[in-house]
$ cat work.txt   # compact mmCIF, C-alpha atoms
# COMPACT_ATOMS: atom_id res chain seq x y z
CA MET D 1 102.34 53.79 97.38
CA GLN D 2 101.13 55.55 100.51
CA VAL D 3 98.34 58.03 100.00
CA THR D 4 97.75 60.62 102.71
CA HIS D 5 94.65 62.73 102.91
CA VAL D 6 95.58 66.06 104.42
CA VAL D 7 93.34 69.10 103.92
CA ASN D 8 94.05 72.43 105.61
CA GLY D 9 96.83 70.71 107.54
CA VAL D 10 94.31 68.29 109.05
CA ASP D 11 94.99 64.57 108.59
CA LEU D 12 91.59 63.30 107.46
CA ASP D 13 92.48 59.64 107.94
CA ARG D 14 93.29 60.30 111.58
CA LEU D 15 90.19 62.48 111.98
CA THR D 16 88.01 59.69 110.55
CA ALA D 17 89.72 57.14 112.80
CA THR D 18 89.09 59.39 115.83
CA ILE D 19 85.41 59.68 114.95
CA ASP D 20 85.14 55.90 114.47
CA HIS D 21 86.80 55.22 117.83
CA ILE D 22 84.50 57.66 119.64
CA ASN D 23 81.39 56.30 117.95
CA ALA D 24 82.42 52.81 119.09
CA ASP D 25 83.24 53.99 122.64
CA PRO D 26 81.84 57.43 123.59
CA ALA D 27 83.91 57.44 126.81
CA LEU D 28 86.95 58.16 124.61
CA ALA D 29 85.43 61.60 123.92
CA ARG D 30 85.92 62.70 127.53
CA PHE D 31 88.70 65.23 127.95
CA GLN D 32 89.84 67.17 130.98
CA PHE D 33 92.12 70.17 130.51
CA ARG D 34 94.02 71.72 133.41
CA ALA D 35 96.12 74.71 134.35
CA ARG D 36 97.86 76.09 137.43
CA ASN D 37 98.27 79.81 138.05
CA GLN D 38 100.75 81.41 140.43
CA TRP D 39 100.29 85.04 141.46
CA ILE D 40 103.48 87.11 141.14
CA ASP D 41 102.61 90.72 142.00
CA GLY D 42 99.69 93.08 141.39
CA GLY D 43 97.95 91.97 138.20
CA HIS D 44 100.93 89.87 137.11
CA SER D 45 100.59 86.09 137.31
CA ARG D 46 101.94 83.02 135.56
CA THR D 47 100.08 79.94 134.36
CA THR D 48 101.65 76.58 133.60
CA ILE D 49 99.82 74.17 131.31
CA LYS D 50 100.95 70.61 130.67
CA ASP D 51 98.97 67.52 131.58
CA PHE D 52 95.47 66.65 130.40
CA TYR D 53 93.26 63.60 130.18
CA GLY D 54 91.69 62.49 126.92
CA ALA D 55 90.95 59.53 124.68
CA GLY D 56 90.94 57.26 127.71
CA GLN D 57 94.33 58.17 129.15
CA GLU D 58 96.59 60.79 130.65
CA ASP D 59 98.56 62.57 127.93
CA VAL D 60 102.28 61.77 127.77
CA THR D 61 103.27 63.78 124.69
CA ARG D 62 104.14 67.01 126.46
CA THR D 63 107.59 66.79 127.99
CA HIS D 64 107.70 70.42 129.13
CA PRO D 65 104.96 72.69 130.45
CA PHE D 66 103.76 75.75 128.55
CA THR D 67 104.17 78.96 130.50
CA VAL D 68 101.77 81.84 129.91
CA ASP D 69 101.84 85.17 131.77
CA ALA D 70 99.06 87.67 132.32
CA ASP D 71 99.45 91.31 133.33
CA GLU D 72 97.64 94.61 132.92
CA PRO D 73 98.57 97.81 131.07
CA PRO D 74 99.57 100.87 133.14
CA VAL D 75 96.06 102.39 132.98
CA LEU D 76 94.90 99.25 134.82
CA LEU D 77 97.83 99.49 137.24
CA GLY D 78 100.05 96.89 135.56
CA GLU D 79 103.26 97.07 133.60
CA ASN D 80 102.37 95.54 130.21
CA ARG D 81 104.40 92.40 130.88
CA ALA D 82 101.77 90.33 129.03
CA PRO D 83 98.23 90.60 127.64
CA ASN D 84 95.50 90.87 130.22
CA THR D 85 93.00 88.13 130.94
CA ALA D 86 90.16 89.73 128.95
CA GLU D 87 92.48 89.84 125.94
CA TYR D 88 93.31 86.15 126.40
CA VAL D 89 89.58 85.42 126.15
CA LEU D 90 89.55 87.16 122.76
CA HIS D 91 92.61 85.16 121.71
CA ALA D 92 91.00 81.89 122.82
CA LEU D 93 87.75 82.68 121.02
CA ALA D 94 89.36 83.87 117.78
CA ALA D 95 91.79 80.94 117.61
CA CYS D 96 89.01 78.46 118.44
CA LEU D 97 86.70 79.80 115.73
CA SER D 98 89.61 79.54 113.30
CA GLY D 99 90.53 75.98 114.27
CA THR D 100 86.91 74.87 114.26
CA ILE D 101 86.32 76.17 110.75
CA VAL D 102 89.61 74.68 109.53
CA TYR D 103 88.91 71.18 110.91
CA HIS D 104 85.27 71.01 109.82
CA ALA D 105 86.05 72.52 106.42
CA ALA D 106 88.71 69.85 105.94
CA ALA D 107 86.19 67.14 106.79
CA ARG D 108 83.90 68.60 104.09
CA GLY D 109 86.72 68.81 101.56
CA ILE D 110 86.78 72.62 101.53
CA ALA D 111 90.40 73.71 101.10
CA LEU D 112 91.25 77.06 102.70
CA GLU D 113 94.13 79.28 101.69
CA GLY D 114 93.84 81.81 104.50
CA LEU D 115 91.77 82.67 107.52
CA GLU D 116 92.11 85.90 109.42
CA THR D 117 90.01 86.79 112.43
CA THR D 118 89.66 90.20 114.02
CA ILE D 119 87.89 90.40 117.35
CA SER D 120 86.96 93.06 119.87
CA GLY D 121 85.09 93.10 123.16
CA ASP D 122 83.48 95.95 125.07
CA VAL D 123 83.67 96.17 128.82
CA ASP D 124 82.60 98.76 131.39
CA LEU D 125 85.14 98.91 134.22
CA ARG D 126 82.46 99.90 136.74
CA GLY D 127 81.49 96.22 136.87
CA PHE D 128 84.96 95.05 137.90
CA LEU D 129 85.37 97.93 140.34
CA GLY D 130 81.99 97.26 141.94
CA LEU D 131 80.86 100.85 141.35
CA ASP D 132 77.50 99.94 139.80
CA SER D 133 75.76 96.63 140.50
CA ASP D 134 73.80 96.97 137.23
CA VAL D 135 77.03 96.77 135.21
CA ARG D 136 78.42 93.29 134.56
CA PRO D 137 82.17 92.77 135.11
CA GLY D 138 82.63 90.85 131.85
CA TYR D 139 82.23 91.74 128.20
CA GLN D 140 78.96 93.38 127.26
CA GLN D 141 79.37 92.17 123.70
CA ILE D 142 82.02 90.70 121.43
CA GLN D 143 82.34 91.35 117.69
CA VAL D 144 84.16 88.97 115.37
CA THR D 145 85.00 89.27 111.68
CA ILE D 146 86.44 86.25 109.90
CA LYS D 147 87.89 86.63 106.42
CA ALA D 148 88.30 83.35 104.56
CA ASN D 149 90.26 82.77 101.36
CA GLY D 150 90.18 79.68 99.21
CA ASP D 151 88.64 77.94 96.26
CA PHE D 152 85.05 77.73 97.46
CA ASP D 153 81.73 78.95 96.11
CA ASP D 154 79.09 81.05 97.86
CA ALA D 155 77.19 78.00 99.11
CA GLN D 156 80.39 76.67 100.67
CA LEU D 157 81.08 80.09 102.21
CA ALA D 158 77.68 79.89 103.89
CA GLU D 159 78.59 76.37 105.05
CA LEU D 160 81.84 77.71 106.55
CA ALA D 161 79.91 80.39 108.43
CA GLY D 162 77.64 77.74 109.92
CA LEU D 163 80.57 75.75 111.29
CA ILE D 164 81.08 78.18 114.17
CA ARG D 165 78.32 76.32 116.03
CA TYR D 166 80.88 73.59 116.79
CA SER D 167 83.39 75.96 118.42
CA PRO D 168 83.99 75.03 122.08
CA VAL D 169 85.09 78.53 123.12
CA ARG D 170 82.18 80.17 121.30
CA ASP D 171 79.89 77.91 123.33
CA ILE D 172 81.75 78.72 126.57
CA VAL D 173 81.47 82.48 125.97
CA SER D 174 77.94 82.53 124.53
CA ASN D 175 76.35 80.13 126.99
CA PRO D 176 76.63 79.61 130.75
CA VAL D 177 79.25 77.17 132.05
CA PRO D 178 78.92 75.98 135.66
CA VAL D 179 82.03 77.15 137.51
CA GLU D 180 82.72 75.84 141.01
CA ILE D 181 85.25 77.93 142.91
CA ASP D 182 86.72 77.01 146.27
CA VAL D 183 88.84 79.55 148.15
CA ALA D 184 90.83 78.19 151.08
CA ARG D 185 93.86 78.95 153.21
CA GLY D 186 97.00 77.72 151.45
CA MET K 187 109.00 112.51 152.39
CA GLN K 188 106.92 110.68 149.82
CA VAL K 189 104.55 108.06 151.16
CA THR K 190 103.27 105.43 148.75
CA HIS K 191 100.43 103.10 149.51
CA VAL K 192 101.09 99.84 147.73
CA VAL K 193 99.37 96.64 148.87
CA ASN K 194 99.79 93.33 146.99
CA GLY K 195 101.69 95.25 144.32
CA VAL K 196 98.63 97.45 143.70
CA ASP K 197 99.12 101.23 143.97
CA LEU K 198 96.14 102.22 146.12
CA ASP K 199 96.54 105.94 145.42
CA ARG K 200 96.23 105.31 141.70
CA LEU K 201 93.35 102.88 142.26
CA THR K 202 91.50 105.49 144.32
CA ALA K 203 92.20 108.14 141.69
CA THR K 204 90.85 105.82 138.97
CA ILE K 205 87.65 105.23 140.94
CA ASP K 206 87.24 108.98 141.54
CA HIS K 207 87.72 109.76 137.83
CA ILE K 208 85.18 107.11 136.81
CA ASN K 209 82.65 108.24 139.39
CA ALA K 210 82.99 111.78 138.01
CA ASP K 211 82.76 110.64 134.38
CA PRO K 212 81.42 107.08 133.88
CA ALA K 213 82.38 107.19 130.17
CA LEU K 214 85.99 106.75 131.31
CA ALA K 215 85.06 103.21 132.40
CA ARG K 216 84.48 102.10 128.80
CA PHE K 217 87.20 99.80 127.50
CA GLN K 218 87.49 97.92 124.25
CA PHE K 219 90.04 95.12 123.94
CA ARG K 220 91.07 93.71 120.57
CA ALA K 221 93.01 90.88 118.98
CA ARG K 222 93.82 89.60 115.52
CA ASN K 223 94.31 85.92 114.75
CA GLN K 224 96.04 84.48 111.69
CA TRP K 225 95.58 80.82 110.81
CA ILE K 226 98.86 79.03 110.10
CA ASP K 227 98.06 75.33 109.50
CA GLY K 228 95.68 72.76 110.97
CA GLY K 229 94.93 73.77 114.55
CA HIS K 230 97.93 76.11 114.69
CA SER K 231 97.24 79.85 114.65
CA ARG K 232 98.82 83.04 115.95
CA THR K 233 97.17 85.97 117.70
CA THR K 234 98.62 89.46 117.96
CA ILE K 235 97.41 91.75 120.74
CA LYS K 236 98.39 95.39 121.05
CA ASP K 237 95.99 98.32 120.84
CA PHE K 238 92.98 98.90 123.05
CA TYR K 239 90.70 101.77 123.99
CA GLY K 240 90.14 102.79 127.59
CA ALA K 241 89.89 105.71 130.00
CA GLY K 242 88.76 107.95 127.14
CA GLN K 243 91.58 107.29 124.70
CA GLU K 244 93.48 104.82 122.55
CA ASP K 245 96.33 103.26 124.50
CA VAL K 246 99.84 104.35 123.50
CA THR K 247 101.90 102.47 126.10
CA ARG K 248 102.44 99.29 124.10
CA THR K 249 105.20 99.79 121.58
CA HIS K 250 105.25 96.15 120.42
CA PRO K 251 102.43 93.64 119.98
CA PHE K 252 102.15 90.53 122.12
CA THR K 253 102.17 87.32 120.09
CA VAL K 254 100.31 84.27 121.37
CA ASP K 255 100.07 80.94 119.55
CA ALA K 256 97.46 78.22 119.84
CA ASP K 257 97.80 74.62 118.71
CA GLU K 258 96.49 71.17 119.63
CA PRO K 259 98.21 68.08 121.06
CA PRO K 260 98.75 65.09 118.74
CA VAL K 261 95.61 63.31 119.97
CA LEU K 262 93.69 66.31 118.62
CA LEU K 263 95.72 66.29 115.39
CA GLY K 264 98.13 69.08 116.32
CA GLU K 265 101.81 69.19 117.20
CA ASN K 266 101.89 70.65 120.73
CA ARG K 267 103.34 73.94 119.50
CA ALA K 268 101.26 75.83 122.09
CA PRO K 269 98.37 75.30 124.52
CA ASN K 270 94.99 74.77 122.91
CA THR K 271 92.18 77.29 123.03
CA ALA K 272 90.23 75.50 125.78
CA GLU K 273 93.38 75.60 127.93
CA TYR K 274 93.72 79.34 127.28
CA VAL K 275 90.21 79.77 128.68
CA LEU K 276 91.38 78.08 131.89
CA HIS K 277 94.45 80.34 131.96
CA ALA K 278 92.31 83.45 131.45
CA LEU K 279 89.85 82.42 134.15
CA ALA K 280 92.48 81.41 136.72
CA ALA K 281 94.58 84.54 136.17
CA CYS K 282 91.50 86.76 136.28
CA LEU K 283 90.27 85.28 139.55
CA SER K 284 93.75 85.82 140.95
CA GLY K 285 94.03 89.43 139.79
CA THR K 286 90.51 90.23 140.94
CA ILE K 287 91.14 88.92 144.44
CA VAL K 288 94.52 90.70 144.61
CA TYR K 289 93.15 94.12 143.56
CA HIS K 290 90.05 94.00 145.73
CA ALA K 291 91.96 92.60 148.69
CA ALA K 292 94.41 95.50 148.36
CA ALA K 293 91.53 97.97 148.37
CA ARG K 294 90.34 96.37 151.64
CA GLY K 295 93.81 96.42 153.18
CA ILE K 296 94.18 92.63 153.12
CA ALA K 297 97.82 91.82 152.40
CA LEU K 298 98.40 88.55 150.57
CA GLU K 299 101.63 86.58 150.58
CA GLY K 300 100.68 84.01 147.99
CA LEU K 301 97.84 82.94 145.76
CA GLU K 302 97.83 79.71 143.79
CA THR K 303 94.99 78.62 141.57
CA THR K 304 94.44 75.17 140.12
CA ILE K 305 91.74 74.79 137.51
CA SER K 306 90.30 72.02 135.36
CA GLY K 307 87.51 71.81 132.82
CA ASP K 308 85.63 68.80 131.47
CA VAL K 309 84.65 68.55 127.84
CA ASP K 310 83.07 65.85 125.68
CA LEU K 311 84.60 65.87 122.21
CA ARG K 312 81.37 64.63 120.65
CA GLY K 313 80.11 68.23 120.86
CA PHE K 314 82.97 69.65 118.83
CA LEU K 315 82.84 66.79 116.34
CA GLY K 316 79.08 67.16 115.88
CA LEU K 317 78.48 63.50 116.75
CA ASP K 318 75.72 64.15 119.27
CA SER K 319 73.58 67.28 119.19
CA ASP K 320 72.76 66.84 122.89
CA VAL K 321 76.44 67.34 123.82
CA ARG K 322 77.68 70.92 124.05
CA PRO K 323 81.01 71.73 122.36
CA GLY K 324 82.30 73.73 125.35
CA TYR K 325 83.13 72.86 128.94
CA GLN K 326 80.46 70.97 130.82
CA GLN K 327 81.86 72.25 134.09
CA ILE K 328 84.94 73.96 135.45
CA GLN K 329 86.47 73.39 138.89
CA VAL K 330 88.72 75.95 140.56
CA THR K 331 90.67 75.75 143.81
CA ILE K 332 92.35 78.91 145.09
CA LYS K 333 94.84 78.68 147.95
CA ALA K 334 95.55 82.01 149.63
CA ASN K 335 98.34 82.78 152.06
CA GLY K 336 98.69 85.88 154.17
CA ASP K 337 98.00 87.54 157.48
CA PHE K 338 94.20 87.44 157.45
CA ASP K 339 91.58 85.96 159.76
CA ASP K 340 88.71 83.64 158.86
CA ALA K 341 86.28 86.52 158.33
CA GLN K 342 88.70 88.07 155.86
CA LEU K 343 89.17 84.72 154.14
CA ALA K 344 85.42 84.61 153.59
CA GLU K 345 85.63 88.17 152.26
CA LEU K 346 88.35 87.10 149.81
CA ALA K 347 86.15 84.23 148.60
CA GLY K 348 83.32 86.66 147.91
CA LEU K 349 85.51 88.89 145.73
CA ILE K 350 85.31 86.46 142.81
CA ARG K 351 81.96 88.06 141.92
CA TYR K 352 83.92 90.99 140.44
CA SER K 353 85.98 88.81 138.08
CA PRO K 354 85.34 89.74 134.43
CA VAL K 355 86.34 86.33 133.04
CA ARG K 356 84.29 84.47 135.65
CA ASP K 357 81.30 86.51 134.47
CA ILE K 358 82.13 85.81 130.79
CA VAL K 359 82.36 82.05 131.41
CA SER K 360 79.47 81.74 133.88
CA ASN K 361 77.00 83.97 132.06
CA PRO K 362 76.05 84.47 128.40
CA VAL K 363 77.93 87.09 126.38
CA PRO K 364 76.40 88.19 123.07
CA VAL K 365 78.89 87.26 120.33
CA GLU K 366 78.35 88.58 116.80
CA ILE K 367 80.32 86.67 114.18
CA ASP K 368 80.59 87.68 110.55
CA VAL K 369 82.23 85.27 108.07
CA ALA K 370 83.09 86.76 104.68
CA ARG K 371 85.33 86.23 101.72
CA GLY K 372 88.74 87.73 102.42

$ encode --input "work.txt" --output "structure tokens"
Amino acid sequence: MQVTHVVNGVDLDRLTATIDHINADPALARFQFRARNQWIDGGHSRTTIKDFYGAGQEDVTRTHPFTVDADEPPVLLGENRAPNTAEYVLHALAACLSGTIVYHAAARGIALEGLETTISGDVDLRGFLGLDSDVRPGYQQIQVTIKANGDFDDAQLAELAGLIRYSPVRDIVSNPVPVEIDVARG
Amino acid sequence: MQVTHVVNGVDLDRLTATIDHINADPALARFQFRARNQWIDGGHSRTTIKDFYGAGQEDVTRTHPFTVDADEPPVLLGENRAPNTAEYVLHALAACLSGTIVYHAAARGIALEGLETTISGDVDLRGFLGLDSDVRPGYQQIQVTIKANGDFDDAQLAELAGLIRYSPVRDIVSNPVPVEIDVARG
């Protein structure tokens, strides 16, 4: 009889194996993600995402690239062909908080029935437009509300709330990431 | 005869009008973007993006929500149903740098023929997994290469490179954003 240990859709046997492998060889923890963006017109551009490096090798599981567009709404001189880039940041952060809680809850044996995240971010366009050097171009603050359902007690709810510290995108947004940008003639 | 002033797909008359409106009433520069994420299973979740506030009112131009999924590759216990959240950060940053250069170049009369951005980010999974408290969960560094084509001289190329300072997502990634996260029973 084969027994599988899956909690919240996360295969705990594989998660444990991953942790064991990384503890034995920390170099396996190194990942590099990549993307390529092609400008189309105005605020409209298209990103393709496919290859990445991780667990000691180049990934071979993705046979086709993902394609993701960005655009702006009319008030920002676009045509609503896709969400804008600031909205994608909210998507990335909300989905990352969700996934982080789900994985770490699974590892702690906390079974979730539902997780819904609402998120908003405030920005002052004067930063982007360069109209006031005291105004930052990015979000001034971001608010997130996560509603969790499941068979857990109040102590476990507090544990779930603490899991957000492991979220990669929360770290990226909350703390500085060194970004090196080279602009050259194509 | 109607004369339109469109550079790089950006309507300069509308851009100038927007700047004039905001200079007259800075409150019009306030935008709030929003998203809602629903967990599906494991690392798979779905974000809907539709309404936002900006230019003094709730937007009414989007009749349908955008739907964006996130998942993980098999090595991270997912099924490759969509890019992962760290890859969406790269998409958001690359597309934002592109759009920022395009808009500001248009305002300066620099016509672009092409703009291609390649981006990569390095992460150490021990941060996410909580295996080493000295390792951050997010990107340790991000590298971006932007190749620009068009009829511009070297001084203008240097000007283009400087425009990245106006990019909202570059600011969000490079500098801390206050993020308030509330986790509650649903």

$ calpha_fit_and_write --input "work.txt" --fixed "chain K" --moving "chain D" --output "compact mmCIF listing (two decimals) with C-alpha atoms, in the coordinates of the input"
# COMPACT_ATOMS: atom_id res chain seq x y z
CA MET D 1 108.70 112.69 152.47
CA GLN D 2 106.72 110.80 149.85
CA VAL D 3 104.44 108.11 151.17
CA THR D 4 103.25 105.44 148.74
CA HIS D 5 100.42 103.09 149.49
CA VAL D 6 101.10 99.83 147.72
CA VAL D 7 99.37 96.62 148.85
CA ASN D 8 99.79 93.34 146.98
CA GLY D 9 101.68 95.25 144.31
CA VAL D 10 98.63 97.44 143.69
CA ASP D 11 99.12 101.21 143.96
CA LEU D 12 96.15 102.22 146.11
CA ASP D 13 96.55 105.93 145.42
CA ARG D 14 96.24 105.29 141.70
CA LEU D 15 93.36 102.87 142.26
CA THR D 16 91.51 105.49 144.33
CA ALA D 17 92.23 108.14 141.69
CA THR D 18 90.87 105.81 138.98
CA ILE D 19 87.68 105.24 140.95
CA ASP D 20 87.27 108.99 141.54
CA HIS D 21 87.75 109.76 137.84
CA ILE D 22 85.20 107.12 136.80
CA ASN D 23 82.67 108.24 139.39
CA ALA D 24 83.01 111.79 138.04
CA ASP D 25 82.78 110.64 134.39
CA PRO D 26 81.44 107.08 133.88
CA ALA D 27 82.40 107.20 130.18
CA LEU D 28 86.02 106.75 131.31
CA ALA D 29 85.07 103.21 132.40
CA ARG D 30 84.50 102.11 128.80
CA PHE D 31 87.21 99.80 127.50
CA GLN D 32 87.50 97.92 124.24
CA PHE D 33 90.05 95.12 123.94
CA ARG D 34 91.07 93.69 120.58
CA ALA D 35 93.01 90.87 118.99
CA ARG D 36 93.81 89.59 115.51
CA ASN D 37 94.30 85.91 114.74
CA GLN D 38 96.04 84.49 111.69
CA TRP D 39 95.58 80.82 110.81
CA ILE D 40 98.86 79.02 110.09
CA ASP D 41 98.06 75.34 109.50
CA GLY D 42 95.67 72.76 110.96
CA GLY D 43 94.93 73.76 114.54
CA HIS D 44 97.92 76.11 114.68
CA SER D 45 97.23 79.85 114.65
CA ARG D 46 98.81 83.04 115.93
CA THR D 47 97.17 85.97 117.69
CA THR D 48 98.63 89.46 117.97
CA ILE D 49 97.41 91.74 120.74
CA LYS D 50 98.40 95.39 121.05
CA ASP D 51 95.99 98.30 120.84
CA PHE D 52 92.97 98.90 123.05
CA TYR D 53 90.70 101.77 123.99
CA GLY D 54 90.14 102.79 127.59
CA ALA D 55 89.90 105.71 129.99
CA GLY D 56 88.76 107.93 127.14
CA GLN D 57 91.60 107.28 124.71
CA GLU D 58 93.48 104.83 122.55
CA ASP D 59 96.34 103.25 124.50
CA VAL D 60 99.85 104.34 123.50
CA THR D 61 101.90 102.46 126.10
CA ARG D 62 102.44 99.29 124.10
CA THR D 63 105.21 99.76 121.58
CA HIS D 64 105.25 96.14 120.42
CA PRO D 65 102.43 93.64 119.98
CA PHE D 66 102.13 90.52 122.12
CA THR D 67 102.17 87.33 120.10
CA VAL D 68 100.31 84.27 121.37
CA ASP D 69 100.06 80.94 119.53
CA ALA D 70 97.46 78.21 119.84
CA ASP D 71 97.81 74.60 118.71
CA GLU D 72 96.49 71.18 119.62
CA PRO D 73 98.20 68.08 121.05
CA PRO D 74 98.75 65.09 118.73
CA VAL D 75 95.59 63.29 119.96
CA LEU D 76 93.67 66.31 118.61
CA LEU D 77 95.72 66.27 115.40
CA GLY D 78 98.13 69.06 116.34
CA GLU D 79 101.79 69.17 117.20
CA ASN D 80 101.88 70.66 120.72
CA ARG D 81 103.34 73.95 119.49
CA ALA D 82 101.26 75.82 122.09
CA PRO D 83 98.36 75.29 124.51
CA ASN D 84 95.00 74.77 122.90
CA THR D 85 92.19 77.29 123.03
CA ALA D 86 90.24 75.49 125.78
CA GLU D 87 93.38 75.60 127.92
CA TYR D 88 93.73 79.34 127.28
CA VAL D 89 90.22 79.77 128.68
CA LEU D 90 91.38 78.08 131.89
CA HIS D 91 94.44 80.33 131.96
CA ALA D 92 92.31 83.45 131.45
CA LEU D 93 89.86 82.42 134.16
CA ALA D 94 92.48 81.41 136.72
CA ALA D 95 94.60 84.52 136.17
CA CYS D 96 91.51 86.76 136.28
CA LEU D 97 90.27 85.28 139.55
CA SER D 98 93.76 85.80 140.96
CA GLY D 99 94.05 89.41 139.80
CA THR D 100 90.53 90.23 140.95
CA ILE D 101 91.17 88.93 144.45
CA VAL D 102 94.55 90.69 144.61
CA TYR D 103 93.17 94.11 143.56
CA HIS D 104 90.05 94.00 145.73
CA ALA D 105 91.97 92.60 148.70
CA ALA D 106 94.42 95.48 148.36
CA ALA D 107 91.55 97.97 148.37
CA ARG D 108 90.34 96.36 151.63
CA GLY D 109 93.81 96.41 153.16
CA ILE D 110 94.18 92.62 153.12
CA ALA D 111 97.83 91.83 152.39
CA LEU D 112 98.41 88.54 150.56
CA GLU D 113 101.63 86.57 150.60
CA GLY D 114 100.69 83.99 147.98
CA LEU D 115 97.86 82.93 145.74
CA GLU D 116 97.85 79.71 143.79
CA THR D 117 94.99 78.62 141.57
CA THR D 118 94.44 75.17 140.12
CA ILE D 119 91.75 74.79 137.50
CA SER D 120 90.30 72.03 135.36
CA GLY D 121 87.51 71.80 132.82
CA ASP D 122 85.62 68.80 131.46
CA VAL D 123 84.65 68.55 127.84
CA ASP D 124 83.05 65.85 125.69
CA LEU D 125 84.59 65.87 122.21
CA ARG D 126 81.35 64.64 120.64
CA GLY D 127 80.09 68.23 120.86
CA PHE D 128 82.96 69.66 118.82
CA LEU D 129 82.83 66.79 116.34
CA GLY D 130 79.07 67.16 115.88
CA LEU D 131 78.47 63.50 116.74
CA ASP D 132 75.70 64.16 119.27
CA SER D 133 73.57 67.31 119.19
CA ASP D 134 72.76 66.86 122.90
CA VAL D 135 76.43 67.34 123.82
CA ARG D 136 77.67 70.93 124.05
CA PRO D 137 81.01 71.74 122.37
CA GLY D 138 82.30 73.73 125.35
CA TYR D 139 83.13 72.86 128.93
CA GLN D 140 80.45 70.97 130.82
CA GLN D 141 81.85 72.26 134.09
CA ILE D 142 84.95 73.96 135.45
CA GLN D 143 86.46 73.39 138.89
CA VAL D 144 88.72 75.94 140.56
CA THR D 145 90.68 75.75 143.81
CA ILE D 146 92.36 78.90 145.09
CA LYS D 147 94.84 78.68 147.94
CA ALA D 148 95.54 82.01 149.63
CA ASN D 149 98.35 82.78 152.07
CA GLY D 150 98.69 85.88 154.17
CA ASP D 151 98.01 87.53 157.48
CA PHE D 152 94.22 87.44 157.46
CA ASP D 153 91.59 85.97 159.75
CA ASP D 154 88.72 83.65 158.88
CA ALA D 155 86.28 86.52 158.32
CA GLN D 156 88.72 88.08 155.87
CA LEU D 157 89.17 84.71 154.14
CA ALA D 158 85.41 84.61 153.60
CA GLU D 159 85.63 88.18 152.27
CA LEU D 160 88.35 87.09 149.81
CA ALA D 161 86.16 84.24 148.59
CA GLY D 162 83.33 86.68 147.91
CA LEU D 163 85.52 88.88 145.73
CA ILE D 164 85.31 86.46 142.80
CA ARG D 165 81.96 88.07 141.91
CA TYR D 166 83.93 90.99 140.43
CA SER D 167 86.00 88.80 138.07
CA PRO D 168 85.35 89.73 134.42
CA VAL D 169 86.35 86.32 133.04
CA ARG D 170 84.29 84.47 135.66
CA ASP D 171 81.31 86.52 134.47
CA ILE D 172 82.13 85.82 130.80
CA VAL D 173 82.36 82.06 131.41
CA SER D 174 79.46 81.74 133.87
CA ASN D 175 77.00 83.97 132.06
CA PRO D 176 76.06 84.47 128.40
CA VAL D 177 77.94 87.09 126.39
CA PRO D 178 76.41 88.21 123.07
CA VAL D 179 78.88 87.27 120.33
CA GLU D 180 78.34 88.58 116.81
CA ILE D 181 80.31 86.68 114.19
CA ASP D 182 80.59 87.67 110.55
CA VAL D 183 82.21 85.29 108.08
CA ALA D 184 83.08 86.77 104.69
CA ARG D 185 85.35 86.22 101.72
CA GLY D 186 88.77 87.72 102.43

$ closest_residue --input "work.txt" --among "D:Thr16, D:Thr4, D:Gln32, D:Gln156" --to "chain K" --atoms "all atoms listed in the file"
D:Gln32

$ residues_near_point --input "work.txt" --point "(87.4, 95.4, 142.4)" --cutoff "12 Å" --atoms "all atoms listed in the file" --output "number ranges by chain"
D: 43, 76, 125-133, 137; K: 196, 198, 201-202, 204-205, 282-294, 346, 348-354

$ atom_distance --input "work.txt" --atom1 "CA of Thr304 in chain K" --atom2 "CA of Arg34 in chain D"
7.6 Å

$ residues_near_point --input "work.txt" --point "(84.2, 76.8, 98.7)" --cutoff "10 Å" --atoms "only C-alpha atoms" --output "PyMOL selection string"
(chain D and resi 105+108-112+148-160) or (chain K and resi 371)

$ atom_distance --input "work.txt" --atom1 "CA of Leu263 in chain K" --atom2 "CA of Glu87 in chain D"
26.0 Å

$ residues_around --input "work.txt" --residues "Arg81 in chain D" --least-positions-apart "3" --cutoff "8 Å" --atoms "all atoms listed in the file" --output "ChimeraX atom specification"
/D:44,69-73,78

$ write_last_selection --input "work.txt" --atoms "C-alpha atoms" --output "compact mmCIF listing (two decimals), in the frame of the given file"
# COMPACT_ATOMS: atom_id res chain seq x y z
CA HIS D 44 100.93 89.87 137.11
CA ASP D 69 101.84 85.17 131.77
CA ALA D 70 99.06 87.67 132.32
CA ASP D 71 99.45 91.31 133.33
CA GLU D 72 97.64 94.61 132.92
CA PRO D 73 98.57 97.81 131.07
CA GLY D 78 100.05 96.89 135.56

$ closest_residue --input "work.txt" --among "K:Ala278, K:Val193, K:Leu214, K:Val321" --to "chain D" --atoms "only C-alpha atoms"
K:Ala278
